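As stored in entry-v9.cif (mmCIF, C-alpha atoms):
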data_upload
loop_
_atom_site.label_atom_id
_atom_site.label_comp_id
_atom_site.auth_asym_id
_atom_site.auth_seq_id
_atom_site.Cartn_x
_atom_site.Cartn_y
_atom_site.Cartn_z
CA MET A 63 42.34 10.79 2.50
CA SER A 64 38.77 11.79 1.70
CA ILE A 65 35.72 10.67 3.60
CA LYS A 66 34.29 7.42 2.30
CA ILE A 67 30.71 6.29 2.93
CA THR A 68 29.93 2.69 1.98
CA TYR A 69 26.33 1.66 1.42
CA TYR A 70 25.65 -2.07 1.68
CA ASP A 71 23.32 -2.71 -1.24
CA LEU A 72 21.21 -5.35 0.48
CA THR A 73 18.08 -3.31 1.09
CA SER A 74 14.96 -3.13 -1.07
CA LEU A 75 15.04 -0.07 -3.29
CA ASP A 76 11.51 0.73 -2.13
CA TYR A 77 13.13 1.68 1.19
CA SER A 78 16.64 2.79 0.23
CA SER A 79 16.25 4.73 -3.03
CA PHE A 80 15.09 7.97 -1.38
CA PHE A 81 18.10 8.15 0.94
CA LEU A 82 20.55 7.03 -1.75
CA THR A 83 19.26 9.83 -3.97
CA GLY A 84 20.04 12.35 -1.24
CA LEU A 85 23.48 10.88 -0.57
CA LEU A 86 24.34 11.00 -4.26
CA GLN A 87 23.19 14.63 -4.45
CA ASN A 88 25.10 15.74 -1.34
CA ARG A 89 28.53 14.33 -2.26
CA LYS A 90 30.00 17.62 -3.49
CA ASP A 91 28.69 19.78 -0.64
CA PHE A 92 29.95 17.43 2.08
CA GLY A 93 33.07 16.13 0.34
CA TYR A 94 32.73 12.36 0.54
CA LYS A 95 32.93 9.44 -1.83
CA LEU A 96 29.91 7.11 -1.90
CA ILE A 97 30.72 3.43 -2.44
CA ILE A 98 28.12 0.76 -3.24
CA SER A 99 29.03 -2.66 -1.82
CA LYS A 100 27.34 -6.04 -2.27
CA LYS A 101 29.24 -7.56 0.64
CA VAL A 102 27.66 -8.53 3.93
CA PRO A 103 29.16 -6.05 6.42
CA SER A 104 31.35 -7.39 9.17
CA ILE A 105 29.04 -6.24 11.96
CA LEU A 106 26.48 -8.78 10.75
CA HIS A 107 28.96 -11.64 11.22
CA ASP A 108 27.87 -12.10 14.79
CA PRO A 109 25.86 -14.83 16.56
CA ALA A 110 23.68 -12.11 18.07
CA ILE A 111 22.49 -11.14 14.60
CA ASP A 112 19.69 -13.12 13.01
CA VAL A 113 21.29 -15.50 10.50
CA GLU A 114 18.69 -14.41 7.96
CA TRP A 115 20.48 -11.09 7.53
CA VAL A 116 18.68 -10.41 4.25
CA LYS A 117 15.47 -9.99 6.24
CA ILE A 118 17.26 -7.64 8.64
CA LEU A 119 18.38 -5.34 5.84
CA PHE A 120 15.23 -5.55 3.70
CA SER A 121 14.13 -2.18 5.11
CA ILE A 122 17.16 -1.07 7.16
CA CYS A 123 19.81 0.82 5.19
CA LEU A 124 23.29 0.16 6.59
CA PHE A 125 26.37 2.32 5.99
CA LYS A 126 30.01 2.52 7.05
CA VAL A 127 31.85 5.86 7.34
CA GLU A 128 35.65 5.96 7.03
CA LEU A 129 38.30 8.69 7.31
CA SER A 130 41.99 7.81 7.83
CA ASN A 131 42.00 5.37 10.73
CA LYS A 132 38.48 6.23 11.91
CA GLU A 133 35.41 4.25 10.98
CA PHE A 134 31.93 3.59 12.29
CA TYR A 135 28.55 2.33 11.10
CA PHE A 136 25.20 4.03 10.96
CA CYS A 137 21.82 2.90 9.70
CA ILE A 138 18.48 4.29 8.60
CA ASP A 139 15.61 2.18 9.91
CA THR A 140 12.48 2.60 7.78
CA ARG A 141 10.54 -0.27 9.36
CA ASP A 142 6.90 0.18 10.30
CA SER A 143 6.98 -0.22 14.05
CA TYR A 144 8.17 2.30 16.61
CA LYS A 145 8.75 -0.56 19.09
CA ALA A 146 11.53 -3.11 19.53
CA ALA A 147 12.07 -5.93 17.04
CA LYS A 148 9.77 -8.53 18.58
CA ASP A 149 6.83 -6.37 17.60
CA GLU A 150 5.00 -7.66 14.50
CA GLY A 151 5.82 -4.51 12.58
CA LEU A 152 9.55 -5.15 12.86
CA GLY A 153 10.72 -2.11 14.73
CA TYR A 154 14.18 -1.51 16.18
CA HIS A 155 16.61 -4.31 15.50
CA MET A 156 18.37 -4.49 18.85
CA PRO A 157 21.66 -6.19 17.84
CA VAL A 158 22.14 -3.68 15.00
CA LEU A 159 21.17 -0.84 17.35
CA SER A 160 23.87 -1.97 19.77
CA LYS A 161 26.60 -1.85 17.09
CA VAL A 162 26.00 1.31 15.06
CA ARG A 163 27.11 4.81 16.07
CA TYR A 164 23.85 6.37 14.88
CA TYR A 165 20.47 4.75 14.36
CA PHE A 166 18.23 7.03 12.31
CA LYS A 167 14.58 6.09 12.74
CA VAL A 168 11.69 7.12 10.50
CA ASN A 169 8.95 5.85 12.81
CA TYR A 170 10.35 7.52 15.90
CA ARG A 171 8.35 7.88 19.08
CA ASP A 172 10.29 9.44 21.96
CA GLU A 173 7.90 8.36 24.71
CA VAL A 174 8.41 4.71 23.71
CA ILE A 175 12.18 5.05 23.89
CA GLU A 176 11.84 6.63 27.31
CA SER A 177 9.53 3.91 28.63
CA ASP A 178 11.35 0.86 27.21
CA PRO A 179 14.57 0.19 29.18
CA ASN A 180 15.97 -1.83 26.25
CA LEU A 181 15.70 1.24 24.02
CA LYS A 182 16.39 3.91 26.63
CA VAL A 183 19.98 2.77 27.12
CA TYR A 184 20.61 3.66 23.46
CA ALA A 185 18.52 6.84 23.41
CA SER A 186 21.46 9.12 22.60
CA LYS A 187 22.16 7.32 19.31
CA ILE A 188 18.51 7.07 18.11
CA ILE A 189 17.80 10.06 15.86
CA PRO A 190 14.48 10.86 14.13
CA ILE A 191 14.58 11.21 10.36
CA GLY A 192 11.94 12.52 7.98
CA PRO A 193 9.42 10.66 5.79
CA PHE A 194 10.49 8.96 2.56
CA PHE A 195 9.17 7.17 -0.51
CA ALA A 196 10.51 5.26 -3.50
CA ILE A 197 12.25 7.43 -6.05
CA ARG A 198 14.64 6.99 -8.98
CA PRO A 199 18.19 8.03 -8.02
CA PRO A 200 20.00 10.40 -10.39
CA VAL A 201 22.79 7.91 -11.16
CA LEU A 202 21.43 4.57 -12.38
CA LEU A 203 24.71 2.92 -13.37
CA ARG A 204 25.63 2.35 -9.74
CA PHE A 205 22.66 0.01 -9.45
CA LEU A 206 22.91 -1.96 -12.70
CA PRO A 207 21.60 -5.27 -11.26
CA LYS A 208 18.48 -3.42 -10.13
CA ILE A 209 18.12 -0.95 -12.99
CA ARG A 210 14.91 -2.55 -14.32
CA HIS A 211 13.34 -2.21 -10.88
CA LEU A 212 14.49 1.41 -10.62
CA ARG A 213 12.82 2.40 -13.87
CA ARG A 214 9.43 1.83 -12.20
CA PHE A 215 10.16 4.76 -9.90
CA PRO A 216 9.63 8.39 -10.86
CA SER A 217 12.40 10.91 -10.40
CA LEU A 218 11.86 13.82 -8.03
CA GLU A 219 11.54 16.15 -10.99
CA GLU A 220 8.80 13.99 -12.50
CA ILE A 221 6.89 14.10 -9.22
CA ARG A 222 7.24 17.87 -8.93
CA ASN A 223 5.99 18.27 -12.50
CA LEU A 224 2.77 16.48 -11.48
CA ARG A 225 1.92 19.58 -9.42
CA ASN A 226 0.74 21.03 -12.73
CA VAL A 227 -1.60 18.17 -13.68
CA LYS A 228 -5.17 19.19 -14.46
CA LYS A 229 -7.40 18.79 -11.40
CA ASP A 230 -10.34 16.82 -12.84
CA LEU A 231 -11.10 14.75 -9.71
CA ASP A 232 -12.22 15.86 -6.28
CA ILE A 233 -10.85 12.87 -4.33
CA PHE A 234 -8.65 9.92 -5.28
CA PHE A 235 -8.36 7.42 -2.43
CA VAL A 236 -6.98 4.04 -3.54
CA VAL A 237 -5.18 1.88 -0.97
CA ASN A 238 -3.85 -1.64 -0.54
CA PHE A 239 -6.04 -4.27 1.07
CA TRP A 240 -4.17 -6.15 3.79
CA GLY A 241 -4.80 -9.55 5.39
CA ASP A 242 -6.78 -10.41 8.49
CA ARG A 243 -3.97 -9.29 10.79
CA HIS A 244 -4.67 -5.73 9.68
CA ALA A 245 -8.46 -5.90 9.80
CA ALA A 246 -8.72 -2.63 11.75
CA ASP A 247 -6.70 -0.77 9.10
CA ASN A 248 -8.85 -2.23 6.32
CA GLU A 249 -12.02 -1.25 8.16
CA PHE A 250 -10.86 2.33 8.72
CA ARG A 251 -10.16 2.75 5.00
CA TYR A 252 -13.45 1.06 4.10
CA GLN A 253 -15.38 3.52 6.25
CA ILE A 254 -13.70 6.41 4.42
CA MET A 255 -14.72 4.95 1.06
CA LYS A 256 -18.31 4.46 2.22
CA GLU A 257 -18.46 8.02 3.47
CA VAL A 258 -17.11 9.44 0.20
CA LYS A 259 -19.82 7.52 -1.63
CA ARG A 260 -22.44 9.36 0.43
CA PHE A 261 -21.56 12.53 -1.52
CA PRO A 262 -22.63 11.80 -5.12
CA SER A 263 -21.67 15.29 -6.23
CA VAL A 264 -18.03 14.59 -5.29
CA VAL A 265 -16.11 13.28 -8.30
CA SER A 266 -14.08 10.49 -6.77
CA VAL A 267 -12.13 7.29 -7.32
CA THR A 268 -11.92 5.09 -4.23
CA GLY A 269 -11.02 1.47 -3.76
CA PHE A 270 -8.90 -1.40 -2.53
CA VAL A 271 -6.07 -2.92 -4.54
CA THR A 272 -5.18 -6.56 -3.91
CA ASP A 273 -3.65 -9.54 -5.69
CA GLY A 274 -5.87 -11.87 -3.71
CA LYS A 275 -9.51 -12.28 -2.89
CA LEU A 276 -11.41 -9.31 -1.51
CA PRO A 277 -14.02 -10.16 1.16
CA GLU A 278 -17.59 -9.80 -0.07
CA ARG A 279 -18.42 -6.78 2.07
CA PHE A 280 -15.59 -4.83 0.42
CA ALA A 281 -16.20 -6.14 -3.10
CA GLU A 282 -17.83 -2.98 -4.42
CA PHE A 283 -14.59 -1.14 -3.80
CA ARG A 284 -12.24 -3.45 -5.69
CA CYS A 285 -9.97 -1.26 -7.76
CA LYS A 286 -7.46 -1.93 -10.52
CA GLN A 287 -3.77 -1.89 -9.74
CA TYR A 288 -1.69 1.08 -10.84
CA PHE A 289 1.97 1.31 -11.64
CA LEU A 290 3.59 3.81 -9.28
CA LYS A 291 3.92 6.59 -11.85
CA ASP A 292 0.28 6.17 -12.93
CA PHE A 293 -0.83 6.06 -9.31
CA LEU A 294 0.89 9.36 -8.51
CA ARG A 295 -0.53 10.99 -11.61
CA ASN A 296 -4.03 10.03 -10.49
CA VAL A 297 -3.36 11.27 -6.96
CA ALA A 298 -2.23 14.58 -8.46
CA ARG A 299 -5.49 14.87 -10.44
CA ALA A 300 -7.43 15.27 -7.19
CA LYS A 301 -8.21 18.65 -5.69
CA VAL A 302 -7.91 17.31 -2.13
CA ALA A 303 -5.86 14.40 -0.77
CA ILE A 304 -6.91 12.12 2.07
CA TYR A 305 -4.07 10.75 4.20
CA VAL A 306 -4.22 7.78 6.56
CA ARG A 307 -1.44 6.19 8.59
CA GLY A 308 0.35 3.11 7.32
CA LEU A 309 0.38 -0.25 9.06
CA HIS A 310 1.38 -0.28 12.74
CA GLU A 311 0.60 3.48 12.78
CA CYS A 312 3.69 4.14 10.65
CA LEU A 313 4.35 7.12 8.42
CA SER A 314 2.98 6.04 5.07
CA PHE A 315 4.90 6.51 1.80
CA LYS A 316 1.96 8.70 0.85
CA LEU A 317 2.88 11.36 3.41
CA GLY A 318 6.02 12.38 1.57
CA GLN A 319 4.40 11.83 -1.82
CA LEU A 320 1.45 14.11 -1.05
CA LEU A 321 3.76 16.84 0.20
CA ALA A 322 5.97 16.51 -2.87
CA LEU A 323 2.91 16.79 -5.11
CA GLY A 324 1.87 19.98 -3.34
CA MET A 325 -1.53 18.57 -2.38
CA PRO A 326 -3.87 20.12 0.18
CA ILE A 327 -4.42 17.33 2.70
CA VAL A 328 -7.10 16.20 5.11
CA GLY A 329 -5.59 13.47 7.18
CA GLN A 330 -5.48 11.18 10.15
CA THR A 331 -3.36 12.41 13.03
CA ILE A 332 0.33 11.55 12.76
CA ALA A 333 1.45 9.12 15.45
CA ASN A 334 5.23 9.06 14.92
CA ASN A 335 7.93 11.71 14.65
CA LYS A 336 5.38 14.25 15.83
CA ARG A 337 7.84 16.89 17.00
CA LEU A 338 9.53 17.04 13.61
CA LEU A 339 6.33 16.98 11.58
CA TYR A 340 3.88 19.09 13.56
CA SER A 341 6.39 21.95 13.67
CA ASN A 342 5.60 22.65 10.00
CA GLU A 343 3.06 25.24 8.91
CA HIS A 344 -0.54 24.03 8.64
CA PHE A 345 0.26 20.42 9.61
CA ALA A 346 -1.72 20.73 12.84
CA SER A 347 -4.87 21.71 10.93
CA GLN A 348 -4.44 19.13 8.14
CA PHE A 349 -3.43 16.05 10.12
CA ALA A 350 -6.05 16.45 12.79
CA PHE A 351 -8.75 13.79 12.38
CA ASP A 352 -9.17 10.22 13.60
CA ASP A 353 -12.75 9.46 12.59
CA PRO A 354 -13.38 8.34 8.98
CA LYS A 355 -16.60 10.35 8.71
CA GLU A 356 -14.91 13.46 10.02
CA ILE A 357 -12.04 13.05 7.57
CA VAL A 358 -14.39 12.88 4.60
CA GLN A 359 -16.62 15.68 5.86
CA GLU A 360 -13.58 17.92 6.27
CA ALA A 361 -12.38 16.99 2.78
CA VAL A 362 -15.78 17.85 1.29
CA LYS A 363 -15.78 21.13 3.19
CA LEU A 364 -12.31 21.96 1.86
CA LEU A 365 -13.51 21.31 -1.69
CA SER A 366 -15.83 24.29 -1.26
CA GLU A 367 -12.92 26.54 -0.26
CA PRO A 368 -10.74 26.95 -3.36
CA GLU A 369 -8.56 29.68 -1.87
CA ARG A 370 -7.76 27.58 1.19
CA MET A 371 -7.06 24.54 -1.00
CA GLN A 372 -4.58 26.57 -3.01
CA MET A 373 -2.95 28.01 0.09
CA LEU A 374 -2.49 24.58 1.70
CA GLY A 375 -1.17 23.02 -1.49
CA HIS A 376 1.41 25.78 -1.94
CA ALA A 377 2.41 25.57 1.73
CA ASN A 378 2.91 21.80 1.55
CA ALA A 379 5.02 22.12 -1.60
CA ARG A 380 7.19 24.77 0.10
CA THR A 381 7.61 22.60 3.17
CA PHE A 382 8.64 19.60 1.08
CA ASP A 383 11.08 21.58 -1.05
CA ALA A 384 12.71 23.14 2.00
CA LYS A 385 12.78 20.21 4.44
CA PHE A 386 11.74 16.86 2.99
CA THR A 387 13.52 16.36 -0.33
CA PRO A 388 16.05 13.51 -0.36
CA GLN A 389 18.85 16.07 -0.37
CA ALA A 390 17.46 18.00 2.59
CA VAL A 391 16.70 14.92 4.69
CA THR A 392 20.11 13.33 4.18
CA ALA A 393 21.91 16.64 4.71
CA GLY A 394 20.68 16.59 8.29
CA THR A 395 22.16 13.14 8.88
CA LEU A 396 25.42 14.04 7.15
CA LYS A 397 26.02 17.09 9.33
CA LEU A 398 25.86 14.91 12.40
CA ILE A 399 27.93 12.08 10.95
CA ILE A 400 30.75 14.16 9.42
CA ASN A 401 31.09 16.33 12.51
CA ASP A 402 31.84 13.10 14.39
CA LEU A 403 34.93 12.28 12.33
#
Conversion result in structure tokens:
Amino acid sequence: MSIKITYYDLTSLDYSSFFLTGLLQNRKDFGYKLIISKKVPSILHDPAIDVEWVKILFSICLFKVELSNKEFYFCIDTRDSYKAAKDEGLGYHMPVLSKVRYYFKVNYRDEVIESDPNLKVYASKIIPIGPFFAIRPPVLLRFLPKIRHLRRFPSLEEIRNLRNVKKDLDIFFVVNFWGDRHAADNEFRYQIMKEVKRFPSVVSVTGFVTDGKLPERFAEFRCKQYFLKDFLRNVARAKVAIYVRGLHECLSFKLGQLLALGMPIVGQTIANNKRLLYSNEHFASQFAFDDPKEIVQEAVKLLSEPERMQMLGHANARTFDAKFTPQAVTAGTLKLIINDL
């Protein structure tokens, strides 16, 4: 009997498509069959689990591994918060954590696990996993009900090809505008935009994207919405990328995207999964700033250093290709999982 891995297709493709791409690509090397199931897994049939299980799995990918008479579950938690589930950012889901063999966590913070007794008891099964972003899997037929949604996503090859786009912008910094609950995040981004505007010689596109009303003080930075492929093409047109954390200090989709595009980056310090990320070449010098003015000033300085821009861009592309592709990220999880059978 071969190894069977069942993915419960209840998660938004914005959060699952990256990992599914890697699992599809790694089937031959690791010798397993990947099954896509629409069923609600048995471990969610439990009073301890929130009855609104769709919300649980919106951004938690759940899997079952089977070989002969052995089986266990694992999950990949992509949710924003590094805290337990009662946090607004929806961090660890404790009932799911209690039931799975391995709980892979994107927004991993070891000091929080150590200090929270509810998490510490499960520390051995909580494993950090690398950054991710939405991507089109190589086999679309497995996701026929969602195929229209998937076509919005670029493939990895399409993203890599954008490394060759003509660099006719200096900075492209377009971000979502969030509600009042995230006022501090909006303000941080606004200060970056204002600072970029102070450099008229810098060819830039900056702005907020929102479906709703933009407060008057931000109105000058209202920006049109982009489809994902168009957005990434515009990001790739810039000579330098600016990175800021996502909500609840999470790893933004843009982290993986910027690395995949081979962009030189000036960014806010990374708050989660620091051991994994800061071990990479030049990350400490790129993700080193927490003041909006300093971020922009460093970006402007880098624009005057073409050799360093090229060096950083090439280094980031190498790092992504070696460590942070879907295939590379999921290979790390598979080694652990299959060795446990």
Taking the file above as input, evaluate the PyMOL selection byres ((chain A and resi 265-272) around 10) and report the hits as a VMD selection string.
chain A and resid 230 to 241 248 251 to 252 254 to 256 258 to 259 261 to 264 273 to 276 280 to 288 296 to 297 300 to 301
Atom CA of A:Arg260 to atom CA of A:Glu356, distance in Å rounded to a single decimal
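About the pair atom CA of A:Arg260 and atom CA of A:Glu356: they are 12.9 Å apart.
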So which residues touch stretch 313-315 of chain A within 7 Å, counting all atoms listed in the file, skipping near sequence neighbours fewer than 4 positions away, as number ranges by chain?
A: 169, 193-195, 307-308, 319, 334
Provide the atom CA of A:Lys363 to atom CA of A:Val302 distance in Å, to one decimal place.
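Those two atoms sit 10.2 Å apart.
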For the file shown, what are the residues hit by the PyMOL selection byres ((chain A and resi 65) around 12), laid out as number ranges by chain?
A: 63-64, 66-68, 89-90, 92-97, 126-134, 396, 399-403
If we count all atoms listed in the file, what is near stretch 220-222 of chain A at a cut-off of 10 Å, once residues fewer than 4 positions away on the same chain are taken out, given as a PyMOL selection string?
chain A and resi 197-198+215-216+226+291+294-295+298+319-324+379+383
Counting only C-alpha atoms, what is within 6 Å of stretch 69-75 of chain A, bar same-chain residues fewer than 3 positions away, as a ChimeraX atom specification?
/A:78-79,98-100,119-121,124-125
Residue IDs satisfying the PyMOL selection byres ((chain A and resi 84) around 8), as a VMD selection string:
chain A and resid 80 to 83 85 to 88 387 to 393
Figure out the distance between atom CA of A:Lys316 and atom CA of A:Leu224, please, to one decimal in Å.
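Pair atom CA of A:Leu224 / atom CA of A:Lys316 returns 14.6 Å.
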Nearest to A:Gln253 by atom-to-atom distance, counting only C-alpha atoms, from A:Lys397, A:Cys312, A:Val306, A:His344:
A:Val306
Tell me which of A:Pro157, A:Phe166, A:Thr381, A:Pro190 sits closest to A:Cys123, counting all atoms listed in the file.
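Of A:Pro157, A:Phe166, A:Thr381, A:Pro190, the one nearest A:Cys123, counting all atoms listed in the file, is A:Phe166.
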For A:Pro200, the nearest of the candidates A:Lys187, A:Glu173, A:Asp353, A:Ser217, counting only C-alpha atoms
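Answer, going by the shortest atom-to-atom distance: A:Ser217.
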Could you check which of A:Asp76, A:Met371, A:Lys101, A:Asn180 is closest to A:Pro199, using only C-alpha atoms?
A:Asp76
